[in-house]
>>> print(open('entry-v3.cif').read())   # mmCIF, C-alpha atoms
data_start
loop_
_atom_site.label_atom_id
_atom_site.label_comp_id
_atom_site.auth_asym_id
_atom_site.auth_seq_id
_atom_site.Cartn_x
_atom_site.Cartn_y
_atom_site.Cartn_z
CA MET A 1 -9.25 -17.96 2.63
CA TYR A 2 -11.20 -18.11 -0.57
CA GLU A 3 -14.17 -20.15 0.62
CA GLU A 4 -16.36 -18.07 -1.71
CA ASP A 5 -17.46 -19.86 -4.86
CA LEU A 6 -15.11 -18.20 -7.33
CA SER A 7 -17.04 -19.72 -10.21
CA ALA A 8 -19.73 -17.13 -9.50
CA LEU A 9 -17.35 -14.17 -9.56
CA PRO A 10 -16.28 -12.09 -12.54
CA VAL A 11 -12.63 -12.80 -13.34
CA SER A 12 -9.81 -10.70 -14.75
CA VAL A 13 -6.71 -12.35 -16.19
CA VAL A 14 -3.77 -9.95 -16.37
CA PRO A 15 -0.57 -11.00 -18.18
CA ASP A 16 2.67 -10.61 -16.25
CA ARG A 17 4.75 -7.94 -17.98
CA THR A 18 6.63 -6.56 -14.96
CA VAL A 19 10.25 -6.68 -13.81
CA ARG A 20 11.06 -5.85 -10.18
CA VAL A 21 14.30 -3.88 -9.76
CA LYS A 22 16.14 -3.69 -6.44
CA ILE A 23 17.57 -0.19 -6.74
CA ILE A 24 18.97 0.22 -3.22
CA ASP A 25 19.63 -1.91 -0.15
CA ALA A 26 19.48 0.80 2.55
CA CYS A 27 16.35 1.01 4.72
CA GLY A 28 15.40 3.02 7.79
CA LEU A 29 13.28 0.23 9.28
CA ALA A 30 14.34 -3.14 10.67
CA CYS A 31 11.31 -5.40 10.31
CA GLY A 32 11.75 -8.91 11.68
CA PHE A 33 10.02 -10.57 8.69
CA CYS A 34 11.92 -8.86 5.84
CA HIS A 35 13.16 -11.00 2.95
CA ASN A 36 15.13 -8.04 1.49
CA GLU A 37 14.42 -9.33 -2.04
CA GLY A 38 16.49 -12.41 -1.21
CA THR A 39 19.83 -10.60 -0.89
CA PRO A 40 22.08 -10.10 2.15
CA VAL A 41 21.84 -6.82 4.03
CA ALA A 42 24.81 -5.18 2.36
CA ALA A 43 26.00 -3.02 5.28
CA ASP A 44 26.17 -6.06 7.58
CA ASN A 45 28.06 -8.28 5.14
CA ILE A 46 30.67 -6.09 3.46
CA GLY A 47 34.03 -7.87 3.39
CA ARG A 48 32.54 -11.32 3.85
CA ARG A 49 32.81 -14.18 1.40
CA PRO A 50 29.48 -15.62 0.15
CA GLU A 51 29.77 -18.62 2.46
CA GLU A 52 30.04 -16.18 5.38
CA PHE A 53 26.96 -14.10 4.51
CA SER A 54 24.52 -13.80 7.39
CA GLY A 55 20.82 -13.04 7.27
CA ALA A 56 20.58 -12.54 11.02
CA SER A 57 20.30 -9.13 12.65
CA GLY A 58 23.66 -7.34 12.60
CA LYS A 59 24.67 -3.76 13.32
CA THR A 60 21.83 -2.44 11.16
CA GLY A 61 19.24 -4.48 13.07
CA ARG A 62 17.89 -5.75 9.74
CA VAL A 63 17.31 -9.34 8.62
CA SER A 64 17.03 -11.27 5.36
CA ILE A 65 14.93 -14.27 6.32
CA TYR A 66 15.74 -16.59 3.40
CA LEU A 67 19.50 -16.02 3.34
CA PRO A 68 20.51 -19.04 5.47
CA THR A 69 19.25 -21.42 2.78
CA ASN A 70 18.84 -19.47 -0.47
CA GLY A 71 22.42 -19.63 -1.72
CA ALA A 72 22.85 -15.89 -2.37
CA ASN A 73 26.41 -15.28 -3.55
CA PHE A 74 26.56 -11.53 -4.18
CA LEU A 75 25.97 -8.31 -2.29
CA PRO A 76 23.47 -5.88 -3.82
CA ALA A 77 24.75 -2.55 -5.14
CA ARG A 78 22.87 0.71 -5.55
CA ILE A 79 21.69 1.01 -9.16
CA GLU A 80 22.50 4.31 -10.84
CA PRO A 81 20.37 6.02 -13.53
CA ASP A 82 23.09 5.70 -16.13
CA ALA A 83 23.41 4.23 -19.60
CA ASP A 84 24.19 0.81 -18.12
CA PHE A 85 20.80 0.80 -16.37
CA ALA A 86 19.01 1.83 -19.56
CA LEU A 87 20.77 -0.94 -21.46
CA ALA A 88 19.87 -3.47 -18.76
CA LEU A 89 16.18 -2.55 -18.96
CA ALA A 90 16.30 -2.72 -22.75
CA ALA A 91 17.93 -6.16 -22.55
CA ILE A 92 15.23 -7.43 -20.17
CA ARG A 93 12.51 -6.05 -22.42
CA GLY A 94 14.11 -7.79 -25.40
CA ALA A 95 14.36 -11.10 -23.53
CA VAL A 96 10.81 -11.20 -22.10
CA GLU A 97 7.90 -8.92 -22.95
CA THR A 98 7.96 -6.07 -20.43
CA ASN A 99 5.85 -2.95 -20.05
CA GLU A 100 6.34 -2.10 -16.38
CA VAL A 101 9.24 -1.72 -13.96
CA HIS A 102 8.68 -1.82 -10.22
CA PHE A 103 11.39 -0.41 -7.95
CA THR A 104 12.09 -2.16 -4.64
CA GLY A 105 14.81 -2.18 -2.00
CA GLY A 106 15.63 -1.71 0.78
CA GLU A 107 13.68 1.50 0.70
CA PRO A 108 13.51 3.08 -2.79
CA THR A 109 12.68 6.60 -1.57
CA LEU A 110 16.12 6.74 0.11
CA HIS A 111 17.78 6.52 -3.31
CA PRO A 112 19.30 9.98 -3.93
CA LYS A 113 18.60 9.78 -7.68
CA LEU A 114 15.16 8.16 -7.63
CA PRO A 115 13.53 10.73 -9.97
CA ASP A 116 16.32 10.11 -12.50
CA LEU A 117 15.73 6.36 -12.33
CA VAL A 118 12.03 6.93 -12.95
CA ALA A 119 12.85 9.18 -15.91
CA ARG A 120 15.22 6.58 -17.40
CA ALA A 121 12.54 3.90 -17.31
CA ARG A 122 9.90 6.23 -18.72
CA GLN A 123 12.19 7.09 -21.62
CA LEU A 124 11.98 3.42 -22.58
CA GLY A 125 8.19 3.58 -22.52
CA LEU A 126 7.83 1.62 -19.27
CA ILE A 127 5.21 2.21 -16.59
CA VAL A 128 6.98 2.85 -13.26
CA GLY A 129 5.84 1.88 -9.78
CA LEU A 130 7.58 1.32 -6.47
CA THR A 131 7.10 -0.31 -3.07
CA SER A 132 7.89 1.91 -0.09
CA ASN A 133 7.50 2.04 3.68
CA GLY A 134 6.80 5.77 3.34
CA GLU A 135 9.70 7.01 5.43
CA ASN A 136 11.00 9.51 2.85
CA GLY A 137 8.25 9.85 0.27
CA ALA A 138 7.24 13.38 1.18
CA ALA A 139 10.72 14.57 0.22
CA VAL A 140 10.97 12.91 -3.20
CA LEU A 141 7.59 11.95 -4.64
CA GLU A 142 6.81 15.33 -6.16
CA GLU A 143 9.91 15.11 -8.35
CA CYS A 144 9.18 11.46 -9.07
CA ALA A 145 5.69 12.39 -10.22
CA LYS A 146 7.16 14.96 -12.61
CA ALA A 147 9.49 12.24 -13.92
CA GLY A 148 6.53 9.95 -14.60
CA LEU A 149 6.01 7.76 -11.52
CA ASP A 150 2.64 6.04 -11.88
CA ARG A 151 2.02 4.33 -8.53
CA VAL A 152 3.39 3.63 -5.08
CA ASN A 153 2.56 0.59 -2.96
CA LEU A 154 3.04 1.52 0.68
CA SER A 155 3.90 -1.16 3.22
CA VAL A 156 1.93 -0.34 6.38
CA PHE A 157 2.73 -2.09 9.66
CA GLY A 158 0.47 -0.27 12.09
CA THR A 159 -1.41 2.90 12.99
CA THR A 160 0.37 3.58 16.29
CA ALA A 161 3.98 3.85 17.37
CA ASP A 162 3.60 0.75 19.55
CA GLU A 163 2.32 -1.34 16.62
CA LEU A 164 5.21 -0.30 14.38
CA ALA A 165 7.80 -0.71 17.13
CA ALA A 166 6.53 -4.25 17.83
CA VAL A 167 7.80 -5.53 14.44
CA GLN A 168 11.18 -3.79 14.62
CA ALA A 169 14.53 -5.03 15.87
CA PRO A 170 14.85 -4.30 19.61
CA ARG A 171 17.40 -1.51 19.24
CA PHE A 172 15.04 0.31 16.84
CA ALA A 173 11.83 -0.41 18.72
CA SER A 174 11.51 2.98 20.42
CA ALA A 175 8.12 4.66 20.47
CA GLU A 176 9.69 8.01 19.54
CA LEU A 177 11.35 6.67 16.40
CA ALA A 178 8.25 4.71 15.44
CA GLN A 179 6.07 7.79 15.78
CA ARG A 180 8.35 9.70 13.42
CA LYS A 181 7.99 6.88 10.89
CA ILE A 182 4.19 6.86 11.27
CA SER A 183 4.08 10.63 10.70
CA ALA A 184 6.34 10.27 7.67
CA LEU A 185 3.98 7.65 6.21
CA HIS A 186 1.01 10.01 6.51
CA ALA A 187 3.04 12.78 4.85
CA THR A 188 3.97 10.40 2.02
CA ILE A 189 0.33 9.51 1.39
CA GLU A 190 -0.64 13.18 1.33
CA THR A 191 2.19 14.07 -1.06
CA ALA A 192 1.47 11.19 -3.43
CA GLN A 193 -2.23 12.05 -3.64
CA LYS A 194 -1.48 15.72 -4.19
CA CYS A 195 0.85 14.80 -7.08
CA GLY A 196 -1.61 12.43 -8.74
CA ILE A 197 0.33 9.25 -7.96
CA LYS A 198 -1.85 6.18 -7.42
CA VAL A 199 -1.50 4.92 -3.85
CA SER A 200 -2.22 1.57 -2.24
CA ALA A 201 -1.45 0.31 1.26
CA ASN A 202 -0.01 -3.20 1.52
CA LEU A 203 -0.67 -4.92 4.82
CA VAL A 204 0.88 -8.30 5.71
CA VAL A 205 -1.43 -10.30 8.01
CA PRO A 206 0.67 -12.85 9.95
CA ASP A 207 -2.01 -14.53 12.11
CA ARG A 208 -5.20 -13.94 14.10
CA SER A 209 -3.42 -12.04 16.86
CA HIS A 210 -2.93 -9.28 14.28
CA VAL A 211 -6.61 -8.97 13.33
CA PRO A 212 -7.30 -5.95 15.64
CA ARG A 213 -4.26 -4.15 14.20
CA VAL A 214 -5.34 -4.92 10.64
CA LEU A 215 -8.84 -3.62 11.30
CA ARG A 216 -7.39 -0.38 12.71
CA VAL A 217 -5.15 0.08 9.66
CA ILE A 218 -8.10 -0.42 7.31
CA GLU A 219 -10.13 2.10 9.27
CA ASP A 220 -7.29 4.60 9.45
CA HIS A 221 -6.03 4.38 5.85
CA GLY A 222 -8.86 2.73 3.94
CA ARG A 223 -10.73 5.99 3.40
CA ASN A 224 -7.79 7.57 1.59
CA VAL A 225 -6.06 4.71 -0.22
CA VAL A 226 -6.88 1.23 -1.48
CA VAL A 227 -5.83 -1.35 1.13
CA ARG A 228 -4.44 -4.73 0.07
CA MET A 229 -4.06 -7.50 2.63
CA LEU A 230 -1.10 -9.77 1.84
CA VAL A 231 -0.52 -13.33 2.97
CA ASN A 232 2.47 -13.87 5.24
CA LEU A 233 4.95 -15.99 3.25
CA GLU A 234 6.35 -17.69 6.35
CA ASP A 235 3.02 -19.10 7.57
CA GLY A 236 0.39 -19.07 4.84
CA GLY A 237 -2.21 -21.15 6.70
CA SER A 238 -2.43 -18.94 9.79
CA SER A 239 -2.24 -15.86 7.64
CA LEU A 240 -5.13 -16.90 5.38
CA ALA A 241 -7.30 -17.72 8.41
CA ALA A 242 -6.61 -14.27 9.84
CA MET A 243 -7.48 -12.60 6.53
CA ARG A 244 -10.74 -14.57 6.47
CA GLU A 245 -11.57 -13.25 9.95
CA VAL A 246 -10.93 -9.67 8.86
CA LEU A 247 -13.21 -10.07 5.85
CA ASP A 248 -15.98 -11.62 7.95
CA THR A 249 -15.70 -8.93 10.62
CA LEU A 250 -16.00 -6.18 8.03
CA GLY A 251 -18.84 -7.85 6.14
CA ALA A 252 -16.78 -7.73 2.95
CA VAL A 253 -18.47 -8.97 -0.23
CA PRO A 254 -16.29 -10.47 -3.03
CA VAL A 255 -16.82 -8.77 -6.38
CA ARG A 256 -13.96 -9.90 -8.65
CA HIS A 257 -11.04 -12.33 -8.72
CA ILE A 258 -7.84 -11.30 -10.48
CA PHE A 259 -5.11 -13.63 -11.72
CA THR A 260 -1.69 -12.49 -12.89
CA ALA A 261 -0.98 -15.03 -15.60
CA GLY A 262 2.57 -16.34 -15.43
CA THR A 263 3.19 -15.63 -11.73
CA SER A 264 1.89 -16.89 -8.38
CA ASP A 265 0.05 -13.62 -7.69
CA GLN A 266 -3.72 -13.68 -7.27
CA ARG A 267 -6.12 -11.39 -5.46
CA THR A 268 -9.81 -10.93 -4.78
CA ARG A 269 -11.45 -7.54 -4.73
CA TYR A 270 -14.04 -6.99 -2.02
CA ARG A 271 -16.62 -4.29 -1.45
CA LEU A 272 -17.20 -3.11 2.11
CA PRO A 273 -20.67 -2.11 3.32
CA ASP A 274 -19.78 1.59 3.08
CA GLY A 275 -18.67 1.20 -0.55
CA ARG A 276 -14.92 1.12 0.02
CA THR A 277 -12.68 -1.38 -1.78
CA LEU A 278 -10.44 -3.94 -0.08
CA TYR A 279 -8.16 -6.48 -1.73
CA ALA A 280 -6.99 -9.81 -0.33
CA LYS A 281 -3.86 -11.11 -2.03
CA SER A 282 -2.50 -14.65 -1.81
CA ILE A 283 -0.15 -17.05 -3.58
CA ARG A 284 -1.07 -19.61 -6.24
CA PRO A 285 1.07 -22.75 -6.65
CA VAL A 286 2.71 -21.56 -9.88
CA ARG A 287 6.07 -23.07 -10.84
CA LEU A 288 8.49 -22.78 -13.72
CA PRO A 289 8.02 -26.03 -15.64
CA GLY A 290 11.62 -27.26 -15.57
CA THR A 291 13.59 -25.33 -12.98
CA CYS A 292 11.00 -25.61 -10.20
CA ALA A 293 10.19 -29.26 -10.93
CA VAL A 294 13.57 -30.40 -9.57
CA CYS A 295 13.83 -27.84 -6.75
CA ARG A 296 14.18 -29.16 -3.19
CA PHE A 297 11.61 -26.56 -2.02
CA ASN A 298 8.97 -27.70 -4.52
CA ASN A 299 6.42 -29.10 -2.08
CA GLY A 300 3.33 -27.92 -0.22
CA THR A 301 5.20 -26.32 2.69
CA ASP A 302 8.68 -25.14 1.71
CA CYS A 303 7.95 -23.17 -1.48
CA GLN A 304 6.48 -20.02 0.00
CA GLU A 305 6.31 -17.59 -2.93
CA GLY A 306 6.23 -19.85 -5.97
CA TYR A 307 7.31 -18.23 -9.21
CA TYR A 308 6.52 -14.54 -8.64
CA GLY A 309 8.27 -12.97 -11.61
CA ILE A 310 11.65 -11.61 -12.68
CA ARG A 311 13.87 -9.55 -10.40
CA LEU A 312 16.80 -7.42 -11.55
CA TYR A 313 19.74 -6.68 -9.24
CA ARG A 314 23.20 -5.23 -9.58
CA ALA A 315 26.01 -7.06 -7.84
CA ARG A 316 28.39 -4.97 -5.78
CA ASN A 317 31.41 -4.28 -8.03
CA GLY A 318 29.84 -6.59 -10.59
CA PRO A 319 27.25 -7.08 -13.33
CA PHE A 320 23.48 -6.85 -13.41
CA MET A 321 21.92 -10.08 -12.16
CA VAL A 322 18.53 -11.64 -12.88
CA GLY A 323 16.69 -13.77 -10.34
CA VAL A 324 13.52 -15.83 -10.48
CA CYS A 325 13.16 -16.85 -6.80
CA ILE A 326 14.06 -15.21 -3.48
CA GLN A 327 14.31 -18.66 -1.88
CA ARG A 328 16.72 -19.83 -4.60
CA MET A 329 19.13 -16.97 -5.15
CA ASP A 330 21.60 -19.58 -6.42
CA LEU A 331 19.45 -19.51 -9.58
CA CYS A 332 20.49 -15.91 -10.27
CA THR A 333 22.48 -15.44 -13.45
CA THR A 334 24.16 -12.46 -15.03
CA LEU A 335 21.88 -10.50 -17.31
CA GLY A 336 23.96 -11.56 -20.30
CA GLU A 337 23.51 -15.23 -19.40
CA PHE A 338 19.79 -14.83 -18.70
CA VAL A 339 18.84 -13.50 -22.12
CA MET A 340 20.24 -16.69 -23.71
CA SER A 341 19.18 -19.13 -21.00
CA LYS A 342 16.68 -21.97 -20.65
CA ILE A 343 15.17 -20.14 -17.66
CA ARG A 344 14.33 -17.21 -19.95
CA ASP A 345 12.60 -19.69 -22.27
CA GLU A 346 10.71 -21.19 -19.33
CA VAL A 347 9.50 -17.76 -18.24
CA ARG A 348 8.19 -16.98 -21.70
CA TYR A 349 6.53 -20.38 -22.03
CA LEU A 350 4.89 -20.14 -18.60
CA ARG A 351 3.53 -16.66 -19.32
CA ASP A 352 2.02 -17.71 -22.64
CA GLN A 353 0.56 -21.00 -21.42
CA GLU A 354 -0.90 -19.54 -18.23
CA LEU A 355 -2.55 -16.73 -20.13
CA LEU A 356 -4.20 -19.17 -22.53
CA ARG A 357 -5.17 -21.65 -19.82
CA LEU A 358 -6.68 -19.12 -17.42
CA ARG A 359 -8.61 -17.35 -20.17
CA MET A 360 -10.03 -20.67 -21.34
CA GLU A 361 -10.75 -21.97 -17.84
CA HIS A 362 -12.62 -18.80 -16.83
CA ARG A 363 -13.98 -17.77 -20.21
CA SER A 364 -17.61 -17.49 -19.05
CA GLN A 365 -16.63 -15.29 -16.09
CA ILE A 366 -14.40 -13.11 -18.22
CA ARG A 367 -17.28 -12.49 -20.62
CA GLU A 368 -19.50 -11.63 -17.67
CA ALA A 369 -16.92 -9.15 -16.40
CA ALA A 370 -16.44 -7.43 -19.75
#
>>> encode(input="entry-v3.cif", output="structure tokens")
Amino acid sequence: MYEEDLSALPVSVVPDRTVRVKIIDACGLACGFCHNEGTPVAADNIGRRPEEFSGASGKTGRVSIYLPTNGANFLPARIEPDADFALALAAIRGAVETNEVHFTGGEPTLHPKLPDLVARARQLGLIVGLTSNGENGAAVLEECAKAGLDRVNLSVFGTTADELAAVQAPRFASAELAQRKISALHATIETAQKCGIKVSANLVVPDRSHVPRVLRVIEDHGRNVVVRMLVNLEDGGSSLAAMREVLDTLGAVPVRHIFTAGTSDQRTRYRLPDGRTLYAKSIRPVRLPGTCAVCRFNNGTDCQEGYYGIRLYRARNGPFMVGVCIQRMDLCTTLGEFVMSKIRDEVRYLRDQELLRLRMEHRSQIREAA
């Protein structure tokens, strides 16, 4: 996708200081490409032993695409805003430098105590964001804003009921239900903006057949929120080609490239002819130096996300768990084990070395951007 000469662009290098926290597994959508943060869909797997976990569509209609091969051995529990959660965040912050927590799911806005979770994290001095499909934001974001929520990244799948229904499990692919979800998304955007919460729209671009849909989403939402196109993890080549077509169609001009040092995240900021901003986000081949080197997925096709950062879970009827890869959930350890582990040391080393390397490699562009 990035055929532009990046050596001519200003560069920002941002250190990774974020932990993603899966606070709830429930979700009101059933998207066919969902990785569900690597965990089984809890409602479909209760009572099963780990070797019996299924990522295929069950009674909920939801999927977890990496589950057949990722070795997940626990069901995710809902995280409560209690002292245990505060201690877990403090332990993570003590193990690896952390200044931001990002809530995921499932669908975080369905958590009945979401404002309290935000408040808990803010009490520890952490910036708080979340990723949401927008289905319940209008009901909870005002209280979350009061508690200190900084930003919400909205996953947008279409502008019409038919577009949304097309990516849902068949039993949930009704136009009536999809239209309710579309309306709820618009209400969430309006509520977030009214409350002063930063809003962005995340848009996965699977392949060129989706280009017309992507262009409609950008037109529909791009005047109110910042749109970020995301590469499809399952088929990066087709996805990148489709993103390139969108950029060319819009006449987008690249203005800055942004690296998150210590993770696989990278993005380019574009300016559209009418002055609007559009981001294109893709994956860099970043690996943990020891753990990833011996991984069976560590090649040019099977490792789809690379090392993307730390994820915090709570096991059903069990401890907090820390993961470093949604394709290798067998690497998850208890929080207590993680803070003393070699993986923790690898994370810290990778963050420090990437920050130094990228700043040195792009030093002339960073000075230009200052």
>>> closest_residue(input="entry-v3.cif", among="A:Gly275, A:Gly129, A:Pro285, A:Gly38", to="Ala261 in chain A", atoms="only C-alpha atoms")
A:Pro285
>>> atom_distance(input="entry-v3.cif", atom1="CA of Gly134 in chain A", atom2="CA of Val156 in chain A")
8.4 Å
>>> resolve_selection(input="entry-v3.cif", expression="the PyMOL selection byres ((chain A and resi 257) around 8)", output="ChimeraX atom specification")
/A:6,9-12,254-256,258-259,266-269
>>> closest_atom_pairs(input="entry-v3.cif", of="range 24-70 of chain A", to="range 185-206 of chain A", cutoff="12 Å", atoms="only C-alpha atoms", output="tab-separated table")
residue	atom	partner	partner_atom	distance
A:Cys31	CA	A:Val204	CA	11.8
A:Gly32	CA	A:Pro206	CA	11.9
A:Phe33	CA	A:Pro206	CA	9.7
A:Cys34	CA	A:Val204	CA	11.1
>>> residues_around(input="entry-v3.cif", residues="Leu29 in chain A", least_positions_apart="4", cutoff="8 Å", atoms="only C-alpha atoms", output="count of residues only")
3
>>> resolve_selection(input="entry-v3.cif", expression="the PyMOL selection byres ((chain A and resi 90-105) around 9)", output="NGL selection string")
:A and (16-27 or 36-37 or 85-89 or 106-108 or 118 or 121 or 124-132 or 312 or 335-336 or 338-340 or 344-345 or 347-348)
>>> atom_distance(input="entry-v3.cif", atom1="CA of Met243 in chain A", atom2="CA of Val324 in chain A")
27.2 Å
>>> closest_residue(input="entry-v3.cif", among="A:Asp207, A:Gly300, A:His35, A:Leu355", to="Leu240 in chain A", atoms="all atoms listed in the file")
A:Asp207
>>> resolve_selection(input="entry-v3.cif", expression="the PyMOL selection byres ((chain A and resi 41-57) around 9)", output="list in words")
Asp25, Ala26, Ala30, Gly32, Asn36, Thr39, Pro40, Gly58, Lys59, Thr60, Gly61, Arg62, Val63, Ser64, Ile65, Tyr66, Leu67, Pro68, Gly71, Ala72, Asn73, Phe74, Leu75, Pro76, Ala77, Gly106, Ala169 and Arg316 of chain A
>>> atom_distance(input="entry-v3.cif", atom1="CA of Ile79 in chain A", atom2="CA of Thr334 in chain A")
14.9 Å
>>> residues_near_point(input="entry-v3.cif", point="(8.8, -19.4, -12.3)", cutoff="10 Å", atoms="all atoms listed in the file", output="PyMOL selection string")
chain A and resi 262-264+286-292+305-310+323-325+343-344+346-348+350-351
>>> closest_residue(input="entry-v3.cif", among="A:Thr333, A:Asn299, A:Ser364, A:Ser7", to="Ala315 in chain A", atoms="all atoms listed in the file")
A:Thr333
>>> axis_aligned_box(input="entry-v3.cif", around="range 100-114 of chain A", padding_each_side="5 Å", output="AutoDock Vina command-line options")
--center_x 12.8 --center_y 3.9 --center_z -7.8 --size_x 23.0 --size_y 22.2 --size_z 27.2
>>> closest_residue(input="entry-v3.cif", among="A:Pro212, A:Gly28, A:Gly148, A:Pro115", to="Glu135 in chain A", atoms="all atoms listed in the file")
A:Gly28
